[in-house]
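Trainee: Sending over a structure as structure tokens; questions will come in a sec.
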Amino acid sequence: MEKVYLRNASDSQELDIVFRFVNANLKMNREFNFRRQMTEPIQAILARIQSNIQGRLAKSCKKSKTKPPAEINVKLLSDEYDDKLNELTFADLFTREDVSNVKLQVLDTVYDLVFNPPWISALKLPSCVLAGFVTYPTNVQIQFGERQFSKGVWSKAKSPTDDDWEVCGEGFQYLVAPADVGYHLKFEITPGNAQGMAGPVVEKISSSAVQESPGFCPFQDRHRHTPNFLGEPNEIRVVSYNLLADLYASSDYAGSTLFSYCPAKYLQIDYRKPLFINEIIGYNSDILCLQEVDQRIFDFDLKEILEQPPYNYRGIMAPKGKCAEGVAIFYRNSRFDLLDTQVLHLGSNIPVLPVFESLWNKIKVNAQLAERICDRSTTLQTCLLRIKGTDNYVLVANTHLYFHPDADHIRLLQMGFSMLFVEHSISKALKDFNISSPTNIGLIFCGDFNSVPECGIYKLMTQQLADNSLEDWRSNAEQAVSNVELSQPFKMGSAYGAPAYTHYTTLFSGCLDYVFYQSDRFEMLKVVPLPTEEELKANSAIPSAVFPSDHVALVADLKFKSNAP
């Protein structure tokens, strides 16, 4: 029997009604959707349905030059309630114990009533679909059902109004083929639940046709070095990548000054998304440390792809204060157990955390310096992970330090405070999780540090000391830092050393991004070669048609040392 689906969320009085009316004689095959109120009399709702169907039939029959039926009969049928049904509201009806014997009749078609079936409450498709790249629905919201029990089907047609659509894929993700160029894509989803119930099918058609591939992207060559996930339990592939937040790429200043060499269409987030998402998944990494992540991109794009099969990551976002972007860590569920995660907004915590007290007391005497560093929204994110199948643990730290030309001293202090917090976190983890030995926990610290290798941060991390003679301390004369030196207890290496470029624009190019790793805990297996300068400047600089960000991804393979001291 046909079904009419009715939905009412517990926190709402709205009632959604969906059914498909098919009548070959009247040449009608149409889905009807109504939104009414639970407290509205059933008789009034049925009258509205009747009026709507009658209007549609009149148009259809006029077009086909057929005679519409004299009367459209729409009513509820029930042996139990007889004629009293029309006096009730749906709120009254659904408080009764059993409504399974209630039917909806439209002309000669009788429908079973299905209340609160699996339901799609939101669904979007990307506005830019590129051949050769994975596409996916965004903002998929399912009520009364679960994604793993739902079914997705992809189809294509030359026009969104075509009646005939060719099925081209199944599942929630679709690798767009070169043959799809010029076609619109349609995604149909049938929501389901664990009890085997299916809800009404919802479809979405792409607003624009599939575009041609931008051509060869340098990251595709880099993917040759990461064809598969690593196989050994103690081997870890780490990616650090500043994605270039839409918040910055879409500004007038970005278009006119920062990235004036890049055509506007290549700065649009809907164009850049498929590039950086396909780049990320092609690295087959275990841990992703991302910077400049727009909150909506995290929610509706990164999680949509990375947290679903076959990737099955878990993502954790840490916004930068009230800013709409931040940092995010993704890790593979099959490789790690998450024991703890922390988000530290450095600025507001510097004056209050006991672990910072000693360093804070040395700098707070300079009022301008204290105000400036405490006013920053810089965020440090940490995740403590246990490597499954081993007795080893990893503390992953991720940050994006403050940028300003006269702020070397601020960044160096931010790093000093970050390392104090990391040291405290590892000491606490040893106790809280009964980790048998300090040699069983290793530190990986990734990020965009906005600091070139000649500055103090690189020295602090790789030499364990930033002494008081560094020029960094005097990058702003009025906020100059005196009688301060920083140290940290971890023997750290830089996976890529000090490469010439991790950021490349016409205004500035240099090394700002690093994967720092604890060298007495991890062995460096390999890094994926960076793009050449010729590739970076092929279109003046990056971003470009084939580079989605002004930074390049760092990809490093590490192995936990079995004989860590």
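Here, A, B, ... name the chains of the structure tokens in the order displayed, residue numbers run from 1 inside each chain, and ligands are numbered from 1 in the same displayed order.
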As number ranges by chain, please: every residue in range 245-371 of chain A that a backbone DSSP assignment puts in helix (DSSP H, G or I).

Mentor: A: 246-249, 252-258, 264-267, 269-282, 295-306, 346-349, 354-363, 367-371

Trainee: Write to file, as a short mmCIF file (atom, residue, chain, number, x, y, z; two decimals), in the first residue's frame, the residues of the selection just made, with C-alpha atoms.

Mentor:
```
data_model
loop_
_atom_site.label_atom_id
_atom_site.label_comp_id
_atom_site.auth_asym_id
_atom_site.auth_seq_id
_atom_site.Cartn_x
_atom_site.Cartn_y
_atom_site.Cartn_z
CA ASP A 246 36.98 31.98 3.32
CA LEU A 247 36.73 34.71 5.92
CA TYR A 248 40.01 36.09 4.54
CA ALA A 249 39.99 34.93 0.92
CA ASP A 252 37.88 43.03 -0.65
CA TYR A 253 41.44 43.40 0.60
CA ALA A 254 42.22 39.83 -0.46
CA GLY A 255 40.95 40.42 -3.97
CA SER A 256 42.60 43.80 -4.47
CA THR A 257 45.89 43.34 -2.61
CA LEU A 258 46.75 40.01 -0.98
CA ALA A 264 38.22 35.93 -8.33
CA LYS A 265 36.54 32.63 -9.27
CA TYR A 266 39.51 30.67 -7.92
CA LEU A 267 39.28 32.45 -4.56
CA ILE A 269 35.29 28.83 -1.36
CA ASP A 270 32.94 26.71 -3.48
CA TYR A 271 35.73 26.34 -6.03
CA ARG A 272 38.50 25.75 -3.48
CA LYS A 273 36.58 23.21 -1.37
CA PRO A 274 36.71 20.29 -3.79
CA LEU A 275 40.41 20.92 -4.33
CA PHE A 276 41.55 20.93 -0.71
CA ILE A 277 39.16 18.15 0.33
CA ASN A 278 40.36 15.87 -2.48
CA GLU A 279 43.93 16.83 -1.66
CA ILE A 280 43.46 15.93 2.00
CA ILE A 281 41.84 12.55 1.41
CA GLY A 282 44.56 11.61 -1.08
CA GLN A 295 33.27 26.77 11.15
CA ARG A 296 30.70 26.07 8.42
CA ILE A 297 33.33 24.29 6.29
CA PHE A 298 34.16 22.09 9.28
CA ASP A 299 30.50 21.32 9.97
CA PHE A 300 29.16 20.80 6.46
CA ASP A 301 32.14 19.78 4.34
CA LEU A 302 35.11 18.38 6.24
CA LYS A 303 32.99 16.34 8.63
CA GLU A 304 30.67 15.36 5.78
CA ILE A 305 33.54 13.69 3.96
CA LEU A 306 36.12 12.76 6.57
CA LEU A 346 45.90 31.78 25.05
CA GLY A 347 45.10 35.47 25.46
CA SER A 348 42.47 35.18 28.17
CA ASN A 349 44.28 32.37 30.02
CA PRO A 354 49.00 28.81 37.47
CA VAL A 355 51.27 27.05 34.96
CA PHE A 356 51.84 30.44 33.28
CA GLU A 357 52.47 32.43 36.43
CA SER A 358 56.26 32.58 36.34
CA LEU A 359 56.51 33.76 32.72
CA TRP A 360 53.51 36.07 33.07
CA ASN A 361 55.10 37.82 36.06
CA LYS A 362 58.16 38.63 33.93
CA ILE A 363 56.22 40.35 31.14
CA ALA A 367 51.54 47.29 30.22
CA GLN A 368 51.48 47.61 26.42
CA LEU A 369 53.01 44.18 25.98
CA ALA A 370 50.65 42.59 28.50
CA GLU A 371 47.60 44.16 26.88
#
```

Trainee: Applying 7 Å and only C-alpha atoms, which residues near range 310-318 of chain A remain after dropping the ones on its own chain fewer than 6 positions away? List them as a CSV table (one decimal) with C-alpha atoms, in the first residue's frame.

Mentor:
```csv
chain,number,residue,atom,x,y,z
A,303,LYS,CA,33.0,16.3,8.6
A,326,GLY,CA,39.9,28.2,13.9
A,327,VAL,CA,42.0,25.1,14.1
A,328,ALA,CA,40.8,21.5,13.8
A,329,ILE,CA,42.3,18.1,14.4
A,330,PHE,CA,41.0,14.9,12.7
A,331,TYR,CA,42.2,11.5,13.7
A,332,ARG,CA,41.4,8.0,12.3
A,333,ASN,CA,39.0,6.1,14.6
A,343,VAL,CA,41.2,24.0,23.8
A,381,GLN,CA,44.4,22.7,20.6
```

Trainee: Identify, on the basis of only C-alpha atoms, every residue whose closest approach to range 187-204 of chain A does not exceed 7 Å; exclude the query and any residue fewer than 4 positions from it along the same chain; express the result as a count of residues only.

Mentor: 16

Trainee: Contacts of range 392-406 of chain A at 7 Å or less, counting only C-alpha atoms, minus same-chain residues fewer than 6 places along, as a PyMOL selection string?

Mentor: chain A and resi 289+291+327+378-386+440-450+475-476

Trainee: Determine the nearest neighbour of Leu554 in chain A from the options A:Gln479, A:Gln414, A:Ser285, A:Thr39, counting only C-alpha atoms.

Mentor: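 So, comparing all the options, the nearest one is A:Ser285.
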
Trainee: Could you make a table, as a Markdown table, of the residues of range 178-220 of chain A that have an atom within 10 Å of an atom of range 126-142 of chain A, each with its nearest atom pair and distance in Å to one decimal, counting only C-alpha atoms, in chain and number order?

Mentor:
```
| residue | atom | partner | partner_atom | distance |
| --- | --- | --- | --- | --- |
| A:Pro178 | CA | A:Ala131 | CA | 5.1 |
| A:Ala179 | CA | A:Ala131 | CA | 8.1 |
| A:Asp180 | CA | A:Ala131 | CA | 6.9 |
| A:Val181 | CA | A:Ala131 | CA | 6.4 |
| A:Gly182 | CA | A:Ala131 | CA | 9.8 |
| A:His184 | CA | A:Val129 | CA | 9.2 |
| A:Leu185 | CA | A:Val129 | CA | 8.8 |
| A:Phe187 | CA | A:Pro137 | CA | 7.6 |
| A:Glu188 | CA | A:Pro137 | CA | 9.9 |
| A:Ile189 | CA | A:Val140 | CA | 9.7 |
| A:Pro191 | CA | A:Ile142 | CA | 7.1 |
| A:Gly192 | CA | A:Ile142 | CA | 9.0 |
| A:Asn193 | CA | A:Ile142 | CA | 9.8 |
| A:Lys204 | CA | A:Pro137 | CA | 8.7 |
| A:Ile205 | CA | A:Pro126 | CA | 9.8 |
| A:Ser206 | CA | A:Ser127 | CA | 6.6 |
| A:Ser207 | CA | A:Ser127 | CA | 6.0 |
| A:Ser208 | CA | A:Ser127 | CA | 6.3 |
| A:Ala209 | CA | A:Val129 | CA | 7.3 |
| A:Val210 | CA | A:Val129 | CA | 5.1 |
| A:Gln211 | CA | A:Leu130 | CA | 4.9 |
| A:Glu212 | CA | A:Ala131 | CA | 5.3 |
| A:Ser213 | CA | A:Ala131 | CA | 4.9 |
| A:Pro214 | CA | A:Leu130 | CA | 7.8 |
| A:Gly215 | CA | A:Gly132 | CA | 9.2 |
```

Trainee: Mind listing the strand (DSSP E) residues of range 73-267 of chain A, per DSSP on the backbone, as a PDB file with C-alpha atoms, in the first residue's frame?

Mentor:
```
ATOM      1  CA  VAL A  74      -9.954  13.244   0.154  1.00  0.00           C
ATOM      2  CA  LYS A  75     -10.752  11.703   3.528  1.00  0.00           C
ATOM      3  CA  LEU A  76      -9.432   9.692   6.437  1.00  0.00           C
ATOM      4  CA  LEU A  77     -10.737   6.169   6.884  1.00  0.00           C
ATOM      5  CA  LYS A 103      -5.848   5.498   6.218  1.00  0.00           C
ATOM      6  CA  LEU A 104      -5.844   8.470   3.874  1.00  0.00           C
ATOM      7  CA  GLN A 105      -7.917   8.137   0.706  1.00  0.00           C
ATOM      8  CA  VAL A 106      -7.317  10.367  -2.330  1.00  0.00           C
ATOM      9  CA  THR A 109      -5.791   5.585  -3.822  1.00  0.00           C
ATOM     10  CA  VAL A 110      -5.535   4.556  -0.177  1.00  0.00           C
ATOM     11  CA  TYR A 111      -2.468   5.391   1.889  1.00  0.00           C
ATOM     12  CA  ASP A 112      -1.140   4.035   5.169  1.00  0.00           C
ATOM     13  CA  LEU A 113      -0.303   6.760   7.700  1.00  0.00           C
ATOM     14  CA  VAL A 114       3.344   6.698   8.829  1.00  0.00           C
ATOM     15  CA  PHE A 115       4.051   9.023  11.734  1.00  0.00           C
ATOM     16  CA  TRP A 119      13.082  12.254   7.626  1.00  0.00           C
ATOM     17  CA  ILE A 120      15.475  14.558   5.771  1.00  0.00           C
ATOM     18  CA  SER A 121      15.141  18.023   7.306  1.00  0.00           C
ATOM     19  CA  ALA A 122      18.023  19.684   5.409  1.00  0.00           C
ATOM     20  CA  LEU A 123      20.023  18.884   2.276  1.00  0.00           C
ATOM     21  CA  LYS A 124      22.268  20.910  -0.026  1.00  0.00           C
ATOM     22  CA  VAL A 134      34.707  13.779  -5.253  1.00  0.00           C
ATOM     23  CA  THR A 135      31.446  15.597  -4.656  1.00  0.00           C
ATOM     24  CA  THR A 138      26.326  19.134   2.447  1.00  0.00           C
ATOM     25  CA  ASN A 139      24.329  19.861   5.571  1.00  0.00           C
ATOM     26  CA  VAL A 140      22.542  16.493   5.528  1.00  0.00           C
ATOM     27  CA  GLN A 141      20.234  16.458   8.546  1.00  0.00           C
ATOM     28  CA  ILE A 142      18.277  13.294   9.320  1.00  0.00           C
ATOM     29  CA  GLN A 143      15.524  13.084  11.928  1.00  0.00           C
ATOM     30  CA  GLU A 146      20.502   7.292  10.918  1.00  0.00           C
ATOM     31  CA  ARG A 147      22.836   7.894   8.050  1.00  0.00           C
ATOM     32  CA  GLN A 148      24.189   4.338   7.923  1.00  0.00           C
ATOM     33  CA  PHE A 149      20.677   3.025   7.205  1.00  0.00           C
ATOM     34  CA  SER A 150      19.944   5.614   4.531  1.00  0.00           C
ATOM     35  CA  LYS A 151      20.513   5.237   0.805  1.00  0.00           C
ATOM     36  CA  GLY A 152      21.860   7.796  -1.644  1.00  0.00           C
ATOM     37  CA  VAL A 153      21.667   7.667  -5.441  1.00  0.00           C
ATOM     38  CA  TRP A 154      23.305  10.033  -7.955  1.00  0.00           C
ATOM     39  CA  SER A 155      21.863  10.743 -11.396  1.00  0.00           C
ATOM     40  CA  LYS A 156      22.695  13.124 -14.215  1.00  0.00           C
ATOM     41  CA  ALA A 157      20.836  14.982 -16.951  1.00  0.00           C
ATOM     42  CA  GLU A 166      20.667   8.549 -15.861  1.00  0.00           C
ATOM     43  CA  VAL A 167      21.860   6.869 -12.664  1.00  0.00           C
ATOM     44  CA  CYS A 168      25.609   7.366 -12.327  1.00  0.00           C
ATOM     45  CA  GLY A 169      26.504   6.533  -8.737  1.00  0.00           C
ATOM     46  CA  GLU A 170      25.419   5.288  -5.330  1.00  0.00           C
ATOM     47  CA  TYR A 174      30.442  10.492  -5.957  1.00  0.00           C
ATOM     48  CA  LEU A 175      33.655  10.697  -7.974  1.00  0.00           C
ATOM     49  CA  HIS A 184      23.536  18.572 -13.844  1.00  0.00           C
ATOM     50  CA  LEU A 185      23.705  16.114 -10.960  1.00  0.00           C
ATOM     51  CA  LYS A 186      20.781  14.992  -8.848  1.00  0.00           C
ATOM     52  CA  PHE A 187      21.185  13.412  -5.415  1.00  0.00           C
ATOM     53  CA  GLU A 188      18.281  11.370  -4.047  1.00  0.00           C
ATOM     54  CA  ILE A 189      18.302  10.179  -0.477  1.00  0.00           C
ATOM     55  CA  THR A 190      15.988   7.658   1.131  1.00  0.00           C
ATOM     56  CA  PRO A 191      16.316   8.041   4.904  1.00  0.00           C
ATOM     57  CA  GLY A 192      16.190   4.896   7.025  1.00  0.00           C
ATOM     58  CA  VAL A 202      14.217  13.763  -0.914  1.00  0.00           C
ATOM     59  CA  GLU A 203      16.147  14.979  -3.929  1.00  0.00           C
ATOM     60  CA  LYS A 204      18.402  17.923  -4.684  1.00  0.00           C
ATOM     61  CA  ILE A 205      19.636  19.027  -8.106  1.00  0.00           C
ATOM     62  CA  GLU A 235      53.607   4.285  12.145  1.00  0.00           C
ATOM     63  CA  ILE A 236      51.745   7.583  11.921  1.00  0.00           C
ATOM     64  CA  ARG A 237      51.214   9.860   8.942  1.00  0.00           C
ATOM     65  CA  VAL A 238      50.637  13.476   9.959  1.00  0.00           C
ATOM     66  CA  VAL A 239      49.361  16.330   7.805  1.00  0.00           C
ATOM     67  CA  SER A 240      49.507  20.017   8.728  1.00  0.00           C
ATOM     68  CA  TYR A 241      47.640  22.373   6.405  1.00  0.00           C
ATOM     69  CA  ASN A 242      46.444  25.977   6.505  1.00  0.00           C
TER      70      ASN A 242
END
```

Trainee: Of the candidates A:Lys491, A:Ser78, A:Ala477, A:Ser418, which shows the shortest atom-to-atom distance to Asn101 in chain A, using only C-alpha atoms?

Mentor: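 Ranking A:Lys491, A:Ser78, A:Ala477, A:Ser418 by distance to Asn101 in chain A, first place goes to A:Ser78.
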
Trainee: Work out how far apart CA of Phe417 in chain A and CA of Asp340 in chain A are and give it in Å to one decimal.

Mentor: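 Between CA of Phe417 in chain A and CA of Asp340 in chain A the gap works out to 19.7 Å.
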
Trainee: So how many Å separate CA of Lys65 in chain A and CA of Arg48 in chain A, to one decimal?

Mentor: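 That distance, rounded to one decimal, is 25.2 Å.
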